[in-house]
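K.L.:
Input file: start-v2.txt. Contents: compact mmCIF, C-alpha atoms.
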```
# COMPACT_ATOMS: atom_id res chain seq x y z
CA MET M 1 -37.72 -59.45 228.73
CA LEU M 2 -39.59 -57.96 225.84
CA SER M 3 -42.07 -55.31 226.61
CA THR M 4 -45.66 -56.20 225.95
CA LYS M 5 -46.58 -52.59 225.63
CA TYR M 6 -48.00 -51.60 222.26
CA THR M 7 -45.61 -49.58 220.15
CA GLU M 8 -46.76 -48.00 216.98
CA LYS M 9 -45.04 -49.22 213.81
CA THR M 10 -42.72 -46.72 212.22
CA LYS M 11 -44.43 -45.44 209.11
CA LEU M 12 -42.26 -45.76 206.04
CA THR M 13 -43.01 -43.70 203.01
CA LYS M 14 -43.55 -45.41 199.67
CA ASP M 15 -40.16 -44.26 198.42
CA GLU M 16 -38.41 -45.76 201.42
CA ILE M 17 -40.20 -49.07 200.99
CA ASP M 18 -39.30 -49.05 197.29
CA ARG M 19 -35.69 -48.37 198.12
CA LYS M 20 -35.58 -51.27 200.56
CA TRP M 21 -37.09 -53.64 198.03
CA TRP M 22 -34.59 -52.46 195.43
CA GLU M 23 -31.76 -53.15 197.87
CA VAL M 24 -33.04 -56.67 198.42
CA GLY M 25 -33.48 -57.13 194.68
CA ASP M 26 -30.05 -55.77 193.90
CA TYR M 27 -28.46 -58.09 196.45
CA PHE M 28 -29.85 -61.16 194.72
CA ARG M 29 -29.41 -59.73 191.26
CA ARG M 30 -25.73 -58.95 191.61
CA ASN M 31 -25.04 -62.44 192.90
CA SER M 32 -26.72 -64.15 189.98
CA LEU M 33 -26.02 -62.26 186.79
CA TRP M 34 -26.91 -63.80 183.46
CA LEU M 35 -24.83 -62.82 180.49
CA LEU M 36 -26.19 -62.45 177.03
CA MET M 37 -23.18 -62.93 174.84
CA TYR M 38 -23.63 -61.09 171.61
CA CYS M 39 -20.25 -62.00 170.21
CA THR M 40 -19.74 -59.12 167.84
CA GLY M 41 -15.99 -59.11 167.47
CA CYS M 42 -12.73 -60.81 168.24
CA CYS M 43 -12.77 -60.20 172.03
CA ALA M 44 -15.23 -63.08 172.24
CA VAL M 45 -12.23 -65.39 171.99
CA GLU M 46 -11.34 -64.46 175.59
CA LEU M 47 -14.69 -65.64 176.88
CA PRO M 48 -14.17 -69.43 176.73
CA PRO M 49 -11.21 -69.30 179.18
CA SER M 50 -13.09 -66.97 181.50
CA MET M 51 -16.18 -69.17 181.44
CA THR M 52 -14.58 -72.60 181.70
CA SER M 53 -12.49 -74.19 184.44
CA ALA M 54 -9.42 -71.96 183.97
CA TYR M 55 -11.02 -68.82 185.41
CA ASP M 56 -14.49 -70.19 186.18
CA MET M 57 -16.91 -67.30 185.85
CA GLU M 58 -19.58 -69.31 187.64
CA ARG M 59 -17.90 -68.84 191.01
CA LEU M 60 -19.03 -65.22 190.74
CA GLY M 61 -22.56 -66.47 190.16
CA MET M 62 -22.53 -65.62 186.48
CA GLY M 63 -23.70 -67.76 183.65
CA PRO M 64 -24.45 -67.59 179.96
CA MET M 65 -28.00 -67.05 178.83
CA ALA M 66 -29.43 -67.81 175.45
CA THR M 67 -32.22 -65.26 175.12
CA PRO M 68 -32.18 -61.49 175.62
CA ARG M 69 -35.44 -61.51 177.55
CA GLN M 70 -33.99 -63.53 180.42
CA ALA M 71 -30.55 -61.92 180.52
CA ASP M 72 -29.27 -59.13 182.78
CA ILE M 73 -26.04 -58.18 181.06
CA LEU M 74 -25.45 -57.43 177.41
CA LEU M 75 -21.82 -58.22 176.76
CA VAL M 76 -20.58 -56.44 173.65
CA SER M 77 -17.40 -58.25 172.78
CA GLY M 78 -15.44 -56.18 170.31
CA TYR M 79 -15.98 -53.93 167.33
CA LEU M 80 -19.45 -53.12 166.10
CA SER M 81 -20.14 -52.69 162.44
CA LEU M 82 -23.20 -50.71 161.43
CA LYS M 83 -24.97 -53.90 160.51
CA THR M 84 -24.26 -55.43 163.92
CA LEU M 85 -25.20 -52.26 165.77
CA ARG M 86 -28.64 -52.38 164.23
CA ARG M 87 -29.19 -55.90 165.59
CA LEU M 88 -27.58 -54.95 168.90
CA ILE M 89 -30.10 -52.16 169.46
CA TYR M 90 -32.89 -54.62 168.70
CA THR M 91 -31.45 -57.00 171.27
CA TYR M 92 -30.89 -54.33 173.89
CA GLU M 93 -34.43 -53.06 173.63
CA GLN M 94 -35.79 -56.58 174.06
CA MET M 95 -34.03 -57.09 177.39
CA SER M 96 -36.09 -56.57 180.51
CA GLU M 97 -35.05 -53.87 182.97
CA PRO M 98 -32.79 -53.58 184.93
CA LYS M 99 -30.22 -54.30 182.27
CA TYR M 100 -26.51 -53.63 182.19
CA VAL M 101 -24.06 -53.25 179.32
CA ILE M 102 -20.37 -54.21 179.34
CA GLY M 103 -18.11 -53.15 176.48
CA LEU M 104 -15.06 -55.33 175.95
CA GLY M 105 -11.94 -54.17 174.18
CA SER M 106 -10.86 -50.81 172.87
CA CYS M 107 -13.20 -50.76 169.86
CA PRO M 108 -16.37 -49.82 171.76
CA ILE M 109 -14.41 -47.11 173.59
CA ASN M 110 -12.87 -45.14 170.72
CA GLY M 111 -12.90 -47.32 167.64
CA GLY M 112 -9.61 -49.09 168.36
CA ILE M 113 -7.83 -50.26 165.26
CA TYR M 114 -11.01 -49.70 163.25
CA HIS M 115 -11.17 -45.96 164.06
CA ASP M 116 -11.04 -45.00 160.37
CA SER M 117 -13.21 -47.73 158.93
CA HIS M 118 -16.31 -46.86 156.97
CA ALA M 119 -18.22 -49.80 158.43
CA VAL M 120 -17.37 -49.67 162.14
CA ILE M 121 -18.70 -47.19 164.72
CA ASN M 122 -16.31 -45.37 167.02
CA GLN M 123 -18.10 -45.01 170.35
CA LEU M 124 -20.67 -47.40 171.67
CA ASP M 125 -22.01 -45.04 174.33
CA GLN M 126 -23.38 -42.72 171.68
CA TYR M 127 -25.96 -45.34 170.75
CA ILE M 128 -26.61 -47.34 173.90
CA PRO M 129 -25.43 -46.50 177.44
CA VAL M 130 -22.55 -48.54 178.87
CA ASP M 131 -21.92 -49.40 182.53
CA VAL M 132 -18.46 -50.92 182.45
CA TYR M 133 -15.71 -50.72 179.87
CA VAL M 134 -12.88 -53.23 179.89
CA ALA M 135 -10.02 -51.76 177.88
CA GLY M 136 -7.45 -53.81 176.06
CA CYS M 137 -6.91 -55.30 172.68
CA MET M 138 -7.93 -57.83 173.66
CA PRO M 139 -8.47 -57.79 177.46
CA ASN M 140 -7.22 -60.91 179.22
CA PRO M 141 -9.58 -63.06 181.31
CA GLU M 142 -8.39 -61.54 184.59
CA SER M 143 -9.39 -58.06 183.50
CA ILE M 144 -12.71 -59.32 182.14
CA LEU M 145 -13.49 -60.89 185.52
CA ASN M 146 -12.33 -57.66 187.17
CA GLY M 147 -14.83 -55.81 185.01
CA PHE M 148 -17.59 -58.15 186.18
CA VAL M 149 -16.65 -57.55 189.80
CA ASP M 150 -16.69 -53.79 189.12
CA LEU M 151 -20.19 -54.12 187.73
CA MET M 152 -21.35 -55.99 190.85
CA GLU M 153 -19.76 -53.33 192.99
CA SER M 154 -21.53 -50.56 191.09
CA ILE M 155 -24.87 -52.38 191.33
CA LYS M 156 -24.28 -52.47 195.09
CA ASN M 157 -23.48 -48.74 195.14
CA LYS M 158 -26.49 -48.00 192.92
CA THR M 159 -24.31 -46.44 190.23
CA ALA M 160 -25.15 -48.94 187.48
CA ASN M 161 -27.92 -46.77 186.11
CA SER M 162 -27.37 -47.02 182.39
CA TRP M 163 -30.84 -48.46 181.75
CA LYS M 164 -32.40 -45.46 183.51
CA LYS M 165 -30.21 -43.21 181.39
CA TYR M 166 -31.47 -44.88 178.25
CA ARG M 167 -35.06 -44.34 179.35
CA ASP M 168 -34.55 -40.70 180.37
CA ASN M 169 -32.45 -39.61 177.39
CA ASN M 170 -34.16 -41.85 174.91
CA GLU M 171 -34.60 -39.11 172.33
CA TRP M 172 -30.89 -38.26 172.33
CA TYR M 173 -29.92 -41.91 171.85
CA LYS M 174 -32.52 -42.40 169.15
CA GLN M 175 -31.25 -39.33 167.31
CA ASN M 176 -27.67 -40.61 167.42
CA GLN M 177 -28.77 -44.01 166.19
CA LYS M 178 -30.62 -42.37 163.35
CA ASP M 179 -27.61 -40.21 162.39
CA ALA M 180 -25.31 -43.20 162.13
CA LEU M 181 -27.65 -45.86 160.79
CA GLY M 182 -30.18 -43.88 158.81
CA GLU M 183 -32.90 -46.22 160.00
CA VAL M 184 -32.84 -48.73 162.82
CA ILE M 185 -35.47 -51.01 161.29
CA ILE M 186 -33.91 -53.98 159.52
CA HIS M 187 -34.79 -54.33 155.85
CA ASP M 188 -33.36 -57.34 154.14
CA GLU M 189 -34.67 -60.23 152.13
CA PHE M 190 -34.22 -62.68 155.00
CA HIS M 191 -36.48 -60.69 157.33
CA GLU M 192 -39.24 -59.85 154.89
CA MET I 1 1.50 -88.29 134.08
CA MET I 2 0.08 -86.30 137.00
CA ASN I 3 2.35 -83.33 137.20
CA SER I 4 1.33 -79.80 138.02
CA MET I 5 3.56 -78.26 135.32
CA ASN I 6 1.88 -80.52 132.76
CA ASN I 7 -1.49 -79.36 134.04
CA ILE I 8 -0.56 -75.71 133.58
CA LYS I 9 0.67 -76.41 130.04
CA GLU I 10 -2.51 -78.23 129.20
CA VAL I 11 -4.63 -75.36 130.50
CA GLU I 12 -2.63 -72.84 128.53
CA ASP I 13 -3.13 -74.80 125.31
CA LEU I 14 -6.84 -75.16 125.97
CA VAL I 15 -7.37 -71.48 126.67
CA ASN I 16 -5.27 -70.29 123.72
CA LYS I 17 -7.27 -72.60 121.44
CA THR I 18 -10.58 -71.19 122.70
CA VAL I 19 -10.13 -67.43 122.95
CA LYS I 20 -7.69 -64.64 122.14
CA VAL I 21 -5.53 -64.17 125.23
CA LEU I 22 -4.23 -60.65 125.83
CA LYS I 23 -1.89 -61.53 128.66
CA THR I 24 -0.86 -64.68 130.51
CA GLU I 25 0.57 -64.70 134.00
CA ASN I 26 2.00 -67.78 135.72
CA ILE I 27 1.34 -67.03 139.37
CA ASP I 28 2.70 -70.27 140.81
CA LYS I 29 2.69 -73.95 139.94
CA ASN I 30 -0.97 -74.28 140.85
CA GLN I 31 -2.31 -71.05 139.53
CA ILE I 32 -2.45 -69.31 136.17
CA ALA I 33 -4.13 -66.10 135.08
CA PHE I 34 -5.43 -65.07 131.67
CA GLU I 35 -6.51 -61.63 130.66
CA ILE I 36 -9.07 -61.74 127.86
CA GLU I 37 -11.64 -59.57 126.11
CA LYS I 38 -14.86 -58.75 127.92
CA LEU I 39 -17.09 -60.43 125.34
CA GLU I 40 -15.17 -63.73 125.42
CA VAL I 41 -15.46 -64.36 129.16
CA HIS I 42 -18.65 -66.35 128.83
CA ARG I 43 -17.29 -68.57 126.10
CA LEU I 44 -14.10 -69.33 128.04
CA LEU I 45 -15.96 -70.03 131.28
CA THR I 46 -18.36 -72.37 129.49
CA VAL I 47 -15.46 -74.30 127.94
CA LEU I 48 -13.65 -74.48 131.28
CA LYS I 49 -16.75 -75.70 133.05
CA ASN I 50 -17.23 -78.45 130.47
CA THR I 51 -13.60 -79.59 130.78
CA GLY I 52 -13.67 -79.97 134.56
CA TRP I 53 -13.33 -76.55 136.18
CA ILE I 54 -16.77 -76.97 137.65
CA GLN I 55 -16.51 -74.70 140.67
CA LEU I 56 -16.46 -70.91 140.76
CA SER I 57 -14.23 -70.14 143.72
CA TYR I 58 -14.39 -66.41 143.59
CA LEU I 59 -15.58 -63.42 141.68
CA SER I 60 -14.44 -59.93 142.49
CA ALA I 61 -13.15 -56.72 141.00
CA ILE I 62 -10.11 -54.48 141.19
CA ASP I 63 -10.21 -50.74 140.73
CA TRP I 64 -7.56 -49.17 138.45
CA PRO I 65 -8.37 -45.45 138.58
CA ASP I 66 -5.25 -44.44 136.56
CA GLU I 67 -6.30 -46.58 133.60
CA ASN I 68 -9.96 -45.69 134.22
CA LYS I 69 -10.80 -49.41 134.27
CA PHE I 70 -12.32 -52.01 136.54
CA GLU I 71 -10.79 -55.46 136.35
CA VAL I 72 -13.25 -58.27 136.97
CA VAL I 73 -11.63 -61.49 138.14
CA TYR I 74 -13.18 -64.95 138.03
CA ILE I 75 -11.38 -67.84 139.73
CA VAL I 76 -12.43 -71.35 138.80
CA PHE I 77 -11.37 -74.53 140.49
CA ASN I 78 -11.06 -78.14 139.38
CA TRP I 79 -11.54 -81.01 141.80
CA GLU I 80 -9.47 -83.44 139.71
CA LYS I 81 -6.47 -81.32 138.74
CA PRO I 82 -4.77 -78.98 141.21
CA VAL I 83 -4.95 -75.87 139.04
CA TYR I 84 -6.78 -72.65 139.74
CA ILE I 85 -7.56 -70.57 136.70
CA GLN I 86 -8.04 -66.83 136.97
CA VAL I 87 -9.97 -65.22 134.17
CA ARG I 88 -9.51 -61.47 134.14
CA THR I 89 -11.13 -58.85 132.02
CA LYS I 90 -11.05 -55.07 132.03
CA ILE I 91 -14.22 -53.03 131.72
CA ASP I 92 -14.88 -49.33 131.46
CA ARG I 93 -14.89 -47.50 134.80
CA GLY I 94 -17.25 -44.72 133.82
CA ASN I 95 -20.06 -47.05 132.82
CA PRO I 96 -19.21 -50.38 134.46
CA VAL I 97 -21.39 -53.10 132.96
CA MET I 98 -20.51 -56.79 132.89
CA GLU I 99 -22.99 -59.40 131.69
CA SER I 100 -23.90 -61.87 134.41
CA ILE I 101 -22.49 -65.41 134.35
CA LEU I 102 -25.54 -66.76 136.16
CA PRO I 103 -26.47 -69.27 133.40
CA ILE I 104 -22.97 -70.83 133.63
CA PHE I 105 -22.34 -70.69 137.38
CA PRO I 106 -25.56 -70.15 139.39
CA GLY I 107 -23.45 -69.63 142.51
CA ALA I 108 -22.21 -66.33 141.11
CA LYS I 109 -25.46 -64.69 142.17
CA TYR I 110 -24.22 -63.43 145.53
CA TYR I 111 -20.70 -62.65 144.31
CA GLU I 112 -22.17 -60.38 141.68
CA ARG I 113 -24.36 -58.66 144.22
CA GLU I 114 -21.31 -58.09 146.40
CA ALA I 115 -19.30 -56.68 143.49
CA HIS I 116 -22.17 -54.38 142.63
CA GLU I 117 -22.36 -53.16 146.19
CA PHE I 118 -18.66 -52.52 146.70
CA PHE I 119 -17.69 -51.31 143.20
CA GLY I 120 -20.94 -50.29 141.56
CA ILE I 121 -20.59 -52.70 138.64
CA ALA I 122 -23.91 -53.56 136.98
CA PHE I 123 -24.58 -57.21 136.13
CA PRO I 124 -27.52 -57.38 133.70
CA GLY I 125 -28.82 -60.93 133.56
CA ASN I 126 -28.73 -61.34 137.32
CA PRO I 127 -32.31 -60.57 138.40
CA ASP I 128 -31.47 -59.02 141.77
CA TYR I 129 -27.96 -57.67 141.47
CA GLU I 130 -29.18 -54.30 142.70
CA LYS I 131 -30.51 -55.58 146.04
CA GLN I 132 -28.46 -54.73 149.10
CA LEU I 133 -26.46 -57.58 150.52
CA ILE I 134 -23.84 -56.49 153.08
CA LEU I 135 -24.04 -52.73 153.45
CA GLU I 136 -27.35 -51.44 154.69
CA ASN I 137 -28.68 -48.02 153.71
CA TRP I 138 -25.40 -47.02 152.11
CA ASP I 139 -25.33 -43.29 151.35
CA ASP I 140 -22.03 -42.68 149.55
CA ILE I 141 -20.07 -43.91 146.53
CA PRO I 142 -19.28 -47.65 146.62
CA PRO I 143 -16.70 -48.07 149.39
CA LEU I 144 -14.04 -50.20 147.70
CA ARG I 145 -13.43 -47.74 144.90
CA LYS I 146 -10.03 -46.10 145.27
CA ASP I 147 -11.45 -42.57 145.31
CA PHE I 148 -13.55 -43.32 148.38
CA ASP I 149 -11.95 -42.01 151.59
CA PRO I 150 -12.94 -44.24 154.53
CA SER I 151 -11.38 -42.06 157.23
CA ALA I 152 -13.21 -38.94 156.01
CA TYR I 153 -16.44 -40.93 155.96
CA SER I 154 -15.77 -42.22 159.48
CA ALA I 155 -14.97 -38.73 160.76
CA ARG I 156 -18.16 -37.35 159.23
CA LYS I 157 -20.47 -40.15 160.33
CA PHE I 158 -19.12 -41.42 163.65
CA PRO I 159 -18.06 -38.88 166.29
CA SER I 160 -14.70 -39.75 167.83
CA ARG I 161 -14.10 -39.55 171.54
CA GLU I 162 -12.58 -36.37 172.93
CA TYR I 163 -10.01 -36.69 175.67
CA PRO I 164 -9.36 -33.81 178.10
CA GLN I 165 -5.66 -34.58 178.11
CA ASP I 166 -3.56 -35.96 175.31
CA PHE I 167 -1.48 -38.77 176.78
CA SER I 168 0.06 -39.73 173.48
CA VAL I 169 2.38 -36.68 173.49
CA LYS I 170 5.10 -36.39 176.15
CA ASP I 171 4.76 -33.35 178.38
CA PRO I 172 8.02 -31.30 178.48
CA ASN I 173 7.17 -29.86 181.90
CA ASN I 174 6.86 -33.30 183.37
CA LYS I 175 9.64 -33.88 185.92
CA THR I 176 9.26 -37.66 185.86
CA LEU I 177 10.86 -37.65 182.43
CA GLU I 178 14.15 -36.31 183.83
CA LYS I 179 14.08 -38.90 186.59
CA THR I 180 13.63 -41.63 183.99
CA GLU I 181 16.62 -40.26 182.05
CA GLU I 182 18.72 -40.23 185.25
CA ARG I 183 17.75 -43.81 185.98
CA LYS I 184 18.66 -44.87 182.46
CA LYS I 185 22.06 -43.18 182.74
CA ARG I 186 22.72 -44.87 186.07
CA ALA I 187 21.73 -48.27 184.67
CA LYS I 188 24.05 -47.76 181.74
CA ALA I 189 26.90 -46.78 184.08
CA LEU I 190 26.33 -49.88 186.19
CA ARG I 191 26.55 -52.02 183.10
CA VAL I 192 30.09 -50.79 182.37
CA GLY I 193 31.44 -51.27 185.92
CA GLY I 194 29.68 -48.67 188.09
CA LYS I 195 32.21 -45.89 187.64
CA LYS I 196 30.83 -42.38 187.73
CA GLN I 197 31.28 -40.57 184.45
```
Represent the supplied structure as C-alpha cells.
P.N.:
Amino acid sequence: MLSTKYTEKTKLTKDEIDRKWWEVGDYFRRNSLWLLMYCTGCCAVELPPSMTSAYDMERLGMGPMATPRQADILLVSGYLSLKTLRRLIYTYEQMSEPKYVIGLGSCPINGGIYHDSHAVINQLDQYIPVDVYVAGCMPNPESILNGFVDLMESIKNKTANSWKKYRDNNEWYKQNQKDALGEVIIHDEFHE
Amino acid sequence: MMNSMNNIKEVEDLVNKTVKVLKTENIDKNQIAFEIEKLEVHRLLTVLKNTGWIQLSYLSAIDWPDENKFEVVYIVFNWEKPVYIQVRTKIDRGNPVMESILPIFPGAKYYEREAHEFFGIAFPGNPDYEKQLILENWDDIPPLRKDFDPSAYSARKFPSREYPQDFSVKDPNNKTLEKTEERKKRAKALRVGGKKQ
C-alpha cells in the first residue's frame, strides 16, 4: 500500500529539467526527421530509390519537406559549386534549430573528382558544419539509409551538435565563407 | 530531291556566293563549317537567317594561344533542312572585340555574356555583355582561357583535406602484403593441379 506520508519533491535544477526536456524532444525528433533536399549534384539520383517503395525511407519516419524553415535535415547531395554554396548558406541559416547536415558522396568530403576545379569547393565542413558524411561516388541507397540511422543514433547520444558548433564558432565559419566566396550576399539581376 | 548531300552542296554555293570563305570543313553529312573574315560574319548570318537558318543553336569561342587568336563559333540551325552551319571567325587575342549579333539573333544575348565571362571577349552592341552571368565575384583571368590553371586556383582558394595517414601508398612494413602474395601464389598453384613448386 502506498504511504500517505508527505514526502518532499526532489528539487531538480534548471539544467537537469532542461536536459530532460531535451531528451524528450530528441526522442520525438529523431523518429520524425524532415529532409530538406537541396539537390546540388549527381548524388540526388540515389534519392528516388531510397524514398520510394524500393527502400522506403518513410519506415524510418523520414519524409521530404519543401521549405527550409520546417525541415530538420539539410541533405547536401553531391558537389557544391561556389554559386550553389552561396545559396546553401542562405538556406542553412534559414532553418530553425536544431538542424542537422548530411553530406552525400565524396565531393563534400574532399572534392572528389572535382578536386581541381575552379568552380567547386573541396571541403564542405569549412563553410557549414556537417554531422554525417556518406562516402561513395555515388553512395547506394543502403548506405544512405545507414547514414540516416547513424544520424538518429548520434541524436540519441547527443553527439549531433553541428548546429551548436556553427553558433559557437560562427566567426571562423564566416571567415572561411568570405575567403572562398568573397561575399555571401547574392547579387544578380534576378534578385535585384 | 531531299538529300542531305544536296543540302550541303546548296549551302556551300550560297555561302561562297555571299562572302569570301577562307576555309571550308565538311564535318559530317549534316554539318558544315566555314571560316570567314571577322567583318563578314554579320552579312553571312543575315543571309542565312533570310534563307531559312532561323535558329542560333550555339555561340562560343575557342582559345588558340599559339596563334594568339580567339576563334568565335556560331552554329545556326534550319528547321526545314537537316543541315547545321558553323560560322567561324578568328579575332585578335590581345584585344578581343567582336561586334554583337543581337540585331540578327536576339537570343545571342546570353551566349555573348557567357563568352565574355569565360573568355573575356567584348561584344559592343550588346547592352549588358559585361554583367556577370554564371561566375559570381570572379577574381582571376577568365577561366576557360588556356593559360588559366584551374588546379592552382583550387589549391589557392579551397583548402584540401589533410589525412593523418596516406592510404593511397602501400606500406612496405605491412605484413599483410606478404600474406596476400602467399595466398596469390597458392591460388595460382591450385589452378595448375595443386603441386608444390
K.L.:
Take CA of Val73 in chain I and CA of Ile36 in chain I and report the distance between them in Å, one decimal.
P.N.:
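We find that CA of Val73 in chain I and CA of Ile36 in chain I lie 10.6 Å from each other.
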K.L.:
So, with all atoms listed in the file as the atoms that count, which of I:Leu190, I:Ile75, I:Ala155, I:Met98 lies closest to Ile121 in chain I?
P.N.:
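Among the listed residues, the smallest separation from Ile121 in chain I belongs to I:Met98.
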K.L.:
Counting only C-alpha atoms, which residues from chain I have an atom at most 9 Å from any atom of chain M, and could you show them as a list in words?
P.N.:
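Result: Lys131, Gln132, Leu133, Ile134, Leu135, Glu136, Asn137, Trp138, Asp139, Pro143, Asp149, Pro150, Ser151, Ala152, Tyr153, Ser154, Ala155, Lys157, Phe158, Pro159, Ser160 and Arg161 of chain I.
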K.L.:
Have a look at M:Asp125, M:Asp72, M:Glu46, M:Asp15 and name the one nearest to Ile89 in chain M; count only C-alpha atoms.
P.N.:
M:Asp125
K.L.:
What does the structure give for the distance between CA of Lys20 in chain M and CA of Met62 in chain M, in Å to one decimal?
P.N.:
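Going from CA of Lys20 in chain M over to CA of Met62 in chain M covers 24.0 Å.
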K.L.:
Figure out the distance between CA of Pro164 in chain I and CA of Asn140 in chain M, please, to one decimal in Å.
P.N.:
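Value for the CA of Asn140 in chain M-CA of Pro164 in chain I distance: 27.2 Å.
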K.L.:
I'd like the contact shell of Val130 in chain M - 12 Å cut-off, only C-alpha atoms, skipping same-chain residues fewer than 3 positions apart - returned as a PyMOL selection string.
P.N.:
chain M and resi 73-76+92+99-104+108-109+123-127+133-134+151+159-166
